[in-house]
Each structure stands twice: as structure tokens, then as C-alpha cells.
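Trainee: Provided herewith: data14.txt, compact mmCIF, C-alpha atoms.
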```
# COMPACT_ATOMS: atom_id res chain seq x y z
CA MET A 28 17.14 33.51 0.90
CA LYS A 29 14.93 32.59 -1.95
CA LYS A 30 13.53 35.67 -3.61
CA VAL A 31 9.89 35.57 -4.66
CA LYS A 32 7.61 38.05 -6.33
CA ILE A 33 3.97 37.69 -5.41
CA LEU A 34 1.10 39.39 -7.18
CA VAL A 35 -1.69 39.87 -4.64
CA VAL A 36 -5.12 40.28 -6.17
CA CYS A 37 -8.48 41.42 -4.79
CA GLY A 38 -11.56 43.20 -6.09
CA THR A 39 -10.41 46.79 -5.57
CA GLY A 40 -6.70 46.26 -5.01
CA ILE A 41 -6.78 48.45 -1.91
CA ALA A 42 -8.17 46.84 1.21
CA THR A 43 -8.03 43.09 1.33
CA SER A 44 -4.95 42.81 -0.88
CA THR A 45 -3.05 45.14 1.46
CA VAL A 46 -3.86 42.91 4.41
CA VAL A 47 -2.95 39.79 2.45
CA SER A 48 0.34 41.33 1.24
CA ARG A 49 1.52 42.18 4.76
CA LYS A 50 0.55 38.74 6.01
CA LEU A 51 2.39 36.99 3.16
CA GLU A 52 5.50 39.06 3.77
CA GLU A 53 5.40 38.14 7.44
CA LYS A 54 4.64 34.44 7.01
CA LEU A 55 7.02 33.77 4.14
CA SER A 56 9.93 35.67 5.61
CA GLU A 57 9.57 33.43 8.68
CA ARG A 58 10.09 30.56 6.27
CA GLY A 59 13.22 32.02 4.75
CA PHE A 60 11.83 33.80 1.71
CA SER A 61 12.62 37.31 0.62
CA VAL A 62 9.21 38.52 -0.49
CA GLU A 63 8.27 41.29 -2.84
CA THR A 64 4.55 41.88 -3.25
CA ARG A 65 2.57 43.89 -5.74
CA GLN A 66 -1.16 44.48 -5.49
CA CYS A 67 -3.73 44.88 -8.18
CA LYS A 68 -7.42 44.62 -8.95
CA ALA A 69 -8.75 41.35 -10.34
CA ALA A 70 -9.63 43.13 -13.59
CA GLU A 71 -5.98 44.16 -14.05
CA VAL A 72 -4.21 40.88 -13.40
CA GLU A 73 -3.03 40.30 -16.95
CA ARG A 74 -1.19 43.59 -17.27
CA ASN A 75 0.49 43.17 -13.86
CA LEU A 76 1.77 39.65 -14.38
CA GLU A 77 5.31 40.48 -15.40
CA GLY A 78 7.90 38.98 -13.10
CA ALA A 79 5.36 37.38 -10.77
CA ASP A 80 6.26 33.92 -9.44
CA ILE A 81 2.84 33.31 -8.02
CA ILE A 82 -0.57 34.95 -7.67
CA VAL A 83 -2.39 34.98 -4.36
CA ALA A 84 -5.99 36.09 -4.84
CA THR A 85 -9.01 36.58 -2.59
CA THR A 86 -11.34 36.65 -5.58
CA PRO A 87 -11.51 34.60 -8.79
CA VAL A 88 -8.91 35.44 -11.46
CA PRO A 89 -8.71 34.25 -15.07
CA GLU A 90 -7.32 30.78 -15.68
CA ASN A 91 -4.28 29.83 -17.73
CA LEU A 92 -2.24 32.88 -16.83
CA GLY A 93 0.94 30.82 -16.91
CA VAL A 94 1.60 31.63 -13.25
CA PRO A 95 0.43 29.44 -10.35
CA VAL A 96 -2.58 30.80 -8.49
CA VAL A 97 -3.58 30.33 -4.87
CA ARG A 98 -7.12 31.52 -4.22
CA THR A 99 -7.67 31.85 -0.49
CA LEU A 100 -9.17 34.02 2.24
CA ALA A 101 -6.89 32.48 4.85
CA PHE A 102 -4.51 35.45 4.94
CA LEU A 103 -7.47 37.69 5.62
CA THR A 104 -9.45 35.74 8.19
CA GLY A 105 -6.71 33.56 9.65
CA VAL A 106 -8.85 30.47 9.04
CA GLY A 107 -6.64 27.77 7.51
CA GLU A 108 -3.63 30.08 7.38
CA ASP A 109 -0.95 27.43 7.98
CA GLU A 110 -2.33 25.26 5.19
CA ALA A 111 -2.42 28.25 2.85
CA VAL A 112 1.22 29.07 3.61
CA GLU A 113 2.14 25.48 2.72
CA GLU A 114 0.18 25.70 -0.51
CA VAL A 115 1.96 28.89 -1.52
CA ILE A 116 5.38 27.42 -0.73
CA GLU A 117 4.57 24.22 -2.58
CA LYS A 118 3.45 26.14 -5.67
CA LEU A 119 6.61 28.22 -5.46
CA GLY A 120 8.53 24.98 -5.84
CA GLY A 121 9.40 24.34 -2.22
CA GLY A 122 11.30 26.13 0.51
CA GLU A 123 14.93 27.17 0.78
CA GLU A 124 17.16 25.67 -1.82
CA GLU A 125 19.86 23.47 -0.40
CA LYS A 126 22.69 24.10 -2.77
CA MET B 620 -0.89 54.35 12.86
CA ASP B 621 -3.61 55.66 15.09
CA PHE B 622 -6.30 53.11 15.76
CA ASN B 623 -8.13 55.66 17.85
CA GLU B 624 -8.88 57.77 14.82
CA ILE B 625 -10.59 54.87 13.03
CA VAL B 626 -12.29 53.68 16.21
CA LYS B 627 -13.57 57.22 16.70
CA ASN B 628 -15.07 57.11 13.22
CA CYS B 629 -16.67 53.76 13.93
CA ILE B 630 -20.46 53.71 14.01
CA ALA B 631 -22.54 50.71 14.99
CA PHE B 632 -26.15 49.54 14.78
CA THR B 633 -27.52 46.49 16.55
CA GLU B 634 -30.48 44.17 15.97
CA MET B 635 -31.19 45.65 12.57
CA ASN B 636 -33.67 44.34 10.03
CA PHE B 637 -33.07 44.42 6.28
CA ASN B 638 -34.46 42.48 3.35
CA ASN B 639 -31.27 42.17 1.36
CA ALA B 640 -27.59 43.03 1.11
CA ASN B 641 -28.15 46.22 -0.89
CA GLU B 642 -30.36 47.66 1.82
CA VAL B 643 -27.73 47.13 4.52
CA ILE B 644 -24.96 48.52 2.33
CA LEU B 645 -26.96 51.63 1.46
CA PHE B 646 -28.02 52.21 5.04
CA LEU B 647 -24.50 51.98 6.46
CA SER B 648 -22.93 53.93 3.57
CA ASN B 649 -25.43 56.73 4.04
CA GLU B 650 -24.70 56.86 7.76
CA LEU B 651 -21.02 57.33 6.91
CA LYS B 652 -21.96 59.95 4.35
CA ASN B 653 -24.12 61.87 6.84
CA ARG B 654 -21.11 62.09 9.15
CA ASN B 655 -18.86 63.36 6.35
CA ILE B 656 -16.64 60.31 6.64
CA VAL B 657 -17.24 59.47 2.98
CA LYS B 658 -18.19 61.46 -0.11
CA SER B 659 -21.68 61.59 -1.56
CA ASP B 660 -20.84 59.11 -4.34
CA PHE B 661 -19.62 56.49 -1.86
CA PRO B 662 -22.88 54.51 -1.40
CA GLU B 663 -23.34 54.01 -5.13
CA ALA B 664 -19.68 53.07 -5.61
CA VAL B 665 -19.84 50.46 -2.85
CA LEU B 666 -22.99 48.92 -4.32
CA LYS B 667 -21.43 48.76 -7.75
CA ARG B 668 -18.27 47.14 -6.46
CA GLU B 669 -20.17 44.65 -4.33
CA LYS B 670 -22.12 43.50 -7.36
CA LYS B 671 -18.95 42.77 -9.30
CA TYR B 672 -16.71 41.65 -6.42
CA PRO B 673 -18.83 40.49 -3.51
CA THR B 674 -17.29 40.67 -0.03
CA GLY B 675 -19.01 37.91 1.94
CA LEU B 676 -16.54 35.98 4.09
CA TYR B 677 -17.57 32.45 4.91
CA LEU B 678 -16.53 31.66 8.47
CA GLY B 679 -18.94 28.84 9.31
CA GLU B 680 -21.33 29.70 12.09
CA ILE B 681 -21.40 33.49 11.82
CA ASN B 682 -20.50 34.90 8.43
CA VAL B 683 -19.58 38.52 7.78
CA ALA B 684 -19.26 40.88 4.82
CA ILE B 685 -16.89 43.81 4.33
CA PRO B 686 -18.27 46.03 1.54
CA HIS B 687 -15.90 48.85 0.51
CA THR B 688 -14.66 50.80 -2.49
CA ASP B 689 -11.78 52.93 -3.77
CA SER B 690 -10.23 55.60 -1.57
CA ASN B 691 -11.21 58.45 -3.87
CA HIS B 692 -14.78 58.13 -2.53
CA VAL B 693 -13.61 58.47 1.07
CA VAL B 694 -12.91 61.56 3.19
CA LYS B 695 -11.38 59.92 6.25
CA SER B 696 -10.95 56.38 7.47
CA GLY B 697 -13.86 54.90 9.37
CA LEU B 698 -16.12 51.92 9.71
CA ALA B 699 -19.87 51.27 9.92
CA ILE B 700 -21.14 48.06 11.48
CA ALA B 701 -24.59 46.49 11.55
CA THR B 702 -25.60 43.30 13.30
CA LEU B 703 -28.71 41.71 11.82
CA THR B 704 -31.57 39.93 13.55
CA LYS B 705 -32.04 37.78 10.46
CA PRO B 706 -29.20 37.20 8.01
CA VAL B 707 -29.16 38.65 4.49
CA PHE B 708 -27.39 36.96 1.60
CA PHE B 709 -24.05 38.11 0.21
CA GLY B 710 -21.93 36.59 -2.53
CA ARG B 711 -18.74 34.96 -1.30
CA MET B 712 -15.56 36.89 -1.99
CA ASP B 713 -13.71 33.76 -3.06
CA LYS B 714 -16.71 32.21 -4.88
CA PRO B 715 -18.97 35.07 -6.00
CA GLU B 716 -21.61 32.77 -7.45
CA THR B 717 -22.18 31.21 -4.01
CA LYS B 718 -24.48 33.16 -1.69
CA ILE B 719 -24.04 32.92 2.06
CA PRO B 720 -26.17 34.17 4.97
CA VAL B 721 -24.41 37.07 6.70
CA HIS B 722 -25.07 38.24 10.27
CA ILE B 723 -22.63 41.13 10.59
CA VAL B 724 -21.83 43.74 7.95
CA PHE B 725 -18.78 46.01 8.13
CA VAL B 726 -18.74 48.84 5.58
CA LEU B 727 -15.13 50.01 5.40
CA ALA B 728 -14.16 53.58 4.65
CA VAL B 729 -10.52 53.36 3.59
CA SER B 730 -8.88 56.71 2.94
CA ASP B 731 -5.30 55.44 2.88
CA PRO B 732 -4.70 51.69 2.51
CA LYS B 733 -1.27 51.89 4.18
CA GLU B 734 -2.76 53.52 7.23
CA TYR B 735 -5.78 51.22 7.24
CA VAL B 736 -3.94 47.95 6.86
CA LYS B 737 -3.08 47.33 10.52
CA PHE B 738 -6.59 48.16 11.56
CA LEU B 739 -8.11 45.96 8.90
CA SER B 740 -5.80 43.03 9.49
CA LYS B 741 -6.62 43.08 13.21
CA LEU B 742 -10.29 43.24 12.35
CA THR B 743 -10.27 40.48 9.76
CA SER B 744 -8.08 38.19 11.84
CA SER B 745 -10.65 38.58 14.63
CA PHE B 746 -13.21 37.03 12.25
CA GLY B 747 -11.45 33.71 12.53
CA ASN B 748 -11.92 33.89 16.28
CA GLY B 749 -15.57 32.97 16.72
CA LYS B 750 -15.69 34.49 20.19
CA TYR B 751 -15.66 38.12 19.07
CA MET B 752 -18.25 37.54 16.37
CA LYS B 753 -20.57 35.72 18.77
CA GLU B 754 -20.30 38.57 21.25
CA MET B 755 -21.07 41.03 18.50
CA VAL B 756 -24.19 39.24 17.32
CA LYS B 757 -25.47 39.14 20.89
CA ALA B 758 -24.91 42.86 21.51
CA LYS B 759 -28.04 44.89 22.21
CA GLN B 760 -26.45 48.33 22.22
CA PRO B 761 -24.11 50.02 19.73
CA SER B 762 -21.82 50.83 22.67
CA GLU B 763 -21.26 47.09 23.19
CA ILE B 764 -20.11 46.73 19.57
CA LYS B 765 -17.69 49.61 19.97
CA GLU B 766 -16.38 48.00 23.13
CA ILE B 767 -15.73 44.73 21.28
CA ILE B 768 -13.97 46.65 18.51
CA GLU B 769 -11.80 48.37 21.08
CA ASN B 770 -11.02 45.02 22.69
CA ILE B 771 -9.97 43.60 19.34
CA PHE B 772 -7.49 46.43 18.88
CA THR B 773 -6.14 46.70 22.36
CA ASN B 774 -5.78 42.95 22.81
CA LYS B 775 -2.01 42.51 22.91
CA GLN B 776 -2.32 38.82 22.36
CA GLU B 777 -2.18 37.94 18.70
CA VAL B 778 -5.60 36.65 17.64
CA LYS B 779 -5.17 33.36 15.86
```
If you convert what's in this file into C-alpha cells, what do you get?
Mentor:
Amino acid sequence: MKKVKILVVCGTGIATSTVVSRKLEEKLSERGFSVETRQCKAAEVERNLEGADIIVATTPVPENLGVPVVRTLAFLTGVGEDEAVEEVIEKLGGGEEEK
Amino acid sequence: MDFNEIVKNCIAFTEMNFNNANEVILFLSNELKNRNIVKSDFPEAVLKREKKYPTGLYLGEINVAIPHTDSNHVVKSGLAIATLTKPVFFGRMDKPETKIPVHIVFVLAVSDPKEYVKFLSKLTSSFGNGKYMKEMVKAKQPSEIKEIIENIFTNKQEVK
């Protein structure tokens, strides 16, 4: 299993990011990832970056953080969810490593 | 987690008329406050947060908004819903500078995110299913809204 750390970002870091975190854990584990999520407010992204492989945000976050960002509401509303899962996996550098 | 507790603290208003997003937010927040579901500083905190991080969700035909704030302003988990006869404009959560017309507003009172998450994920995943939102907009009575909410939560079938 490929281990990934995801920083999940929303405005308050309590409601929507919790929903998005659970959904990411569910969807990515189905695809063979071992997922660890951390949540934070958009204003606190920079100080929570350490160790994160990717950021999934429901609200705009600063650019050039050095970590790929997927900004989407799909994990909240279910609209375009499959496409969003693919985008996350692609930005993580693909699925399970065949080594 | 007990959906019933949140559903019990769910209040609804149908065919409401407001001039802007702030008016709806204040109205619903105050209704929650009057029922001791949230603390007295909740309405102001929600407004402030909405200004910085808007909560409009663009769904296409019927858009919704989910204003909320930190748990320290909340007494117990609940929800206040208003359906609007004419939409008011909210900023989009994913693109705050873009304003969208919103027909249904859900003010969330989240006392414990862990406890709220199942409830909220059921609710938000129902947004993607236009059927529930259309039924909600058509509702004449608050009891119809509560019925739809109950249906969303008791529906065993996963809403896609």
C-alpha cells in the first residue's frame, strides 16, 4: 500500500474538511492507498504543511506552497467525485507502485 | 452517532423572503440562539466567517449555502434551514469572488465535528442529488422540509 499524507483545508477546519477527510480516506483506500489526513483552516496552511504529499482544499489556498493542490467541492457534494479522485491520484504520482 | 439528536434540533422555514445573504444568516442564527442550540455570539461569528470564507455551493439548478462557524460558539449540534422564494447571492466556497444565487440556506451548528461528520456528509452528498433539493424548494410547510431531511438520513441507499 502506498502511504499518503493529505492536508485537508477549509475555511474553519471543522465542518467541510471533516467530511472531505472521511471521503478521501474511503475513496483512496478503495484504490489501494493508506491515507493519513490532517485538517486545518485555510489561514493556517503554511504552518501545517510538513509531511503533506498533497493538499485537498474546498476554498482557495496560497499558491507556490511546494505541494500539489487539488481545489474541489466534489468530496463534499458528490458532484464530479470520480474525476476528483483521479486528479488526486494523478497529482500523487499515480496509483500503486508496481515494484 | 445519533442522527435523531441533530434532526430533533433541526428547524426549518419555507417560502422566506430576504434581501441578502446576511439577512438569512442572521435570521437562522438567531432562531438557533433563541432555542439555546448556539451561544449568543454565534450569529456574529457566522457572519464574520461567511465574509472571509463564503459557503455557497454551486450545484447548477438549485444552489445552496452552508454557513457555520467554530464549535466554541455552539451549545449542541443542530441545523436551521430556510428555503427562499427568490434567491439571495452568496460567494462560492471554491471561488469566493464569484457570487451565485442560492435557494436553500443551511446554517450548521456543529458542537463536535466528529459527531457531526456523518450527518453532514449525508446532507452534503444529498446536494448532488437534485431530487431532494427540488423537493425542498417546493415545500410549503416546515414539516415537509423535516420529512425530506429524515428521508435523507434514513435512506439506506447511498446517495450518489
Trainee: My list of candidates is A:Val112, A:Leu51, A:Val96, A:Ile41. Which is closest to chain B when distances are computed with only C-alpha atoms?
Mentor: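 Comparing A:Val112, A:Leu51, A:Val96, A:Ile41 against chain B, the winner is A:Ile41.
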Trainee: Once you count all atoms listed in the file, which residues of chain B turn out to be within 9 Å of chain A? Could you give them as a PDB file with C-alpha atoms, keeping the file's coordinate frame?
Mentor:
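Contents of out07.pdb, freshly written:
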```
ATOM      1  CA  ARG B 668     -18.270  47.140  -6.460  1.00  0.00           C
ATOM      2  CA  GLU B 669     -20.170  44.650  -4.330  1.00  0.00           C
ATOM      3  CA  LYS B 671     -18.950  42.770  -9.300  1.00  0.00           C
ATOM      4  CA  TYR B 672     -16.710  41.650  -6.420  1.00  0.00           C
ATOM      5  CA  PRO B 673     -18.830  40.490  -3.510  1.00  0.00           C
ATOM      6  CA  THR B 674     -17.290  40.670  -0.030  1.00  0.00           C
ATOM      7  CA  LEU B 676     -16.540  35.980   4.090  1.00  0.00           C
ATOM      8  CA  TYR B 677     -17.570  32.450   4.910  1.00  0.00           C
ATOM      9  CA  LEU B 678     -16.530  31.660   8.470  1.00  0.00           C
ATOM     10  CA  HIS B 687     -15.900  48.850   0.510  1.00  0.00           C
ATOM     11  CA  THR B 688     -14.660  50.800  -2.490  1.00  0.00           C
ATOM     12  CA  ASP B 689     -11.780  52.930  -3.770  1.00  0.00           C
ATOM     13  CA  SER B 690     -10.230  55.600  -1.570  1.00  0.00           C
ATOM     14  CA  ARG B 711     -18.740  34.960  -1.300  1.00  0.00           C
ATOM     15  CA  MET B 712     -15.560  36.890  -1.990  1.00  0.00           C
ATOM     16  CA  ASP B 713     -13.710  33.760  -3.060  1.00  0.00           C
ATOM     17  CA  LYS B 714     -16.710  32.210  -4.880  1.00  0.00           C
ATOM     18  CA  PRO B 715     -18.970  35.070  -6.000  1.00  0.00           C
ATOM     19  CA  LEU B 727     -15.130  50.010   5.400  1.00  0.00           C
ATOM     20  CA  VAL B 729     -10.520  53.360   3.590  1.00  0.00           C
ATOM     21  CA  ASP B 731      -5.300  55.440   2.880  1.00  0.00           C
ATOM     22  CA  PRO B 732      -4.700  51.690   2.510  1.00  0.00           C
ATOM     23  CA  LYS B 733      -1.270  51.890   4.180  1.00  0.00           C
ATOM     24  CA  TYR B 735      -5.780  51.220   7.240  1.00  0.00           C
ATOM     25  CA  VAL B 736      -3.940  47.950   6.860  1.00  0.00           C
ATOM     26  CA  LYS B 737      -3.080  47.330  10.520  1.00  0.00           C
ATOM     27  CA  LEU B 739      -8.110  45.960   8.900  1.00  0.00           C
ATOM     28  CA  SER B 740      -5.800  43.030   9.490  1.00  0.00           C
ATOM     29  CA  LEU B 742     -10.290  43.240  12.350  1.00  0.00           C
ATOM     30  CA  THR B 743     -10.270  40.480   9.760  1.00  0.00           C
ATOM     31  CA  SER B 744      -8.080  38.190  11.840  1.00  0.00           C
ATOM     32  CA  SER B 745     -10.650  38.580  14.630  1.00  0.00           C
ATOM     33  CA  PHE B 746     -13.210  37.030  12.250  1.00  0.00           C
ATOM     34  CA  GLY B 747     -11.450  33.710  12.530  1.00  0.00           C
ATOM     35  CA  ASN B 748     -11.920  33.890  16.280  1.00  0.00           C
ATOM     36  CA  VAL B 778      -5.600  36.650  17.640  1.00  0.00           C
ATOM     37  CA  LYS B 779      -5.170  33.360  15.860  1.00  0.00           C
TER      38      LYS B 779
END
```
Trainee: To one decimal in Å, tell me the separation between CA of Ile644 (chain B) and CA of Val35 (chain A).
Mentor: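 If I compute the distance from CA of Ile644 (chain B) to CA of Val35 (chain A), I get 25.8 Å.
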Trainee: If we count only C-alpha atoms and set the cut-off at 10 Å, which residues sit around Ile719 (chain B), ignoring sequence neighbours fewer than 5 positions away in its own chain? Please answer as a list of chain:residue names.
Mentor: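 Returned residues: B:Gly675, B:Leu676, B:Tyr677, B:Leu678, B:Gly679, B:Asn682, B:Val683, B:Ala684, B:Pro706, B:Val707, B:Phe708, B:Phe709, B:Gly710, B:Arg711.
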Trainee: Could you name the residues that touch Glu52 (chain A) at 9 Å or less, counting all atoms listed in the file, but leaving out those on the same chain fewer than 5 positions away, as a PyMOL selection string?
Mentor: chain A and resi 47+57+60-64
Trainee: Take the residues just selected and output them with C-alpha atoms as a PDB file, in the frame of the given file.
Mentor:
```pdb
ATOM      1  CA  VAL A  47      -2.950  39.790   2.450  1.00  0.00           C
ATOM      2  CA  GLU A  57       9.570  33.430   8.680  1.00  0.00           C
ATOM      3  CA  PHE A  60      11.830  33.800   1.710  1.00  0.00           C
ATOM      4  CA  SER A  61      12.620  37.310   0.620  1.00  0.00           C
ATOM      5  CA  VAL A  62       9.210  38.520  -0.490  1.00  0.00           C
ATOM      6  CA  GLU A  63       8.270  41.290  -2.840  1.00  0.00           C
ATOM      7  CA  THR A  64       4.550  41.880  -3.250  1.00  0.00           C
TER       8      THR A  64
END
```
Trainee: Using only C-alpha atoms, which of B:Lys695, B:Lys718, B:Lys750, B:Lys705 sits nearest Thr633 (chain B)?
Mentor: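 For Thr633 (chain B), the nearest of the given residues is B:Lys705.
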Trainee: Calculate how many Å separate CA of Ile767 (chain B) from CA of Phe738 (chain B), rounding to one decimal.
Mentor: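 That distance, rounded to one decimal, is 13.8 Å.
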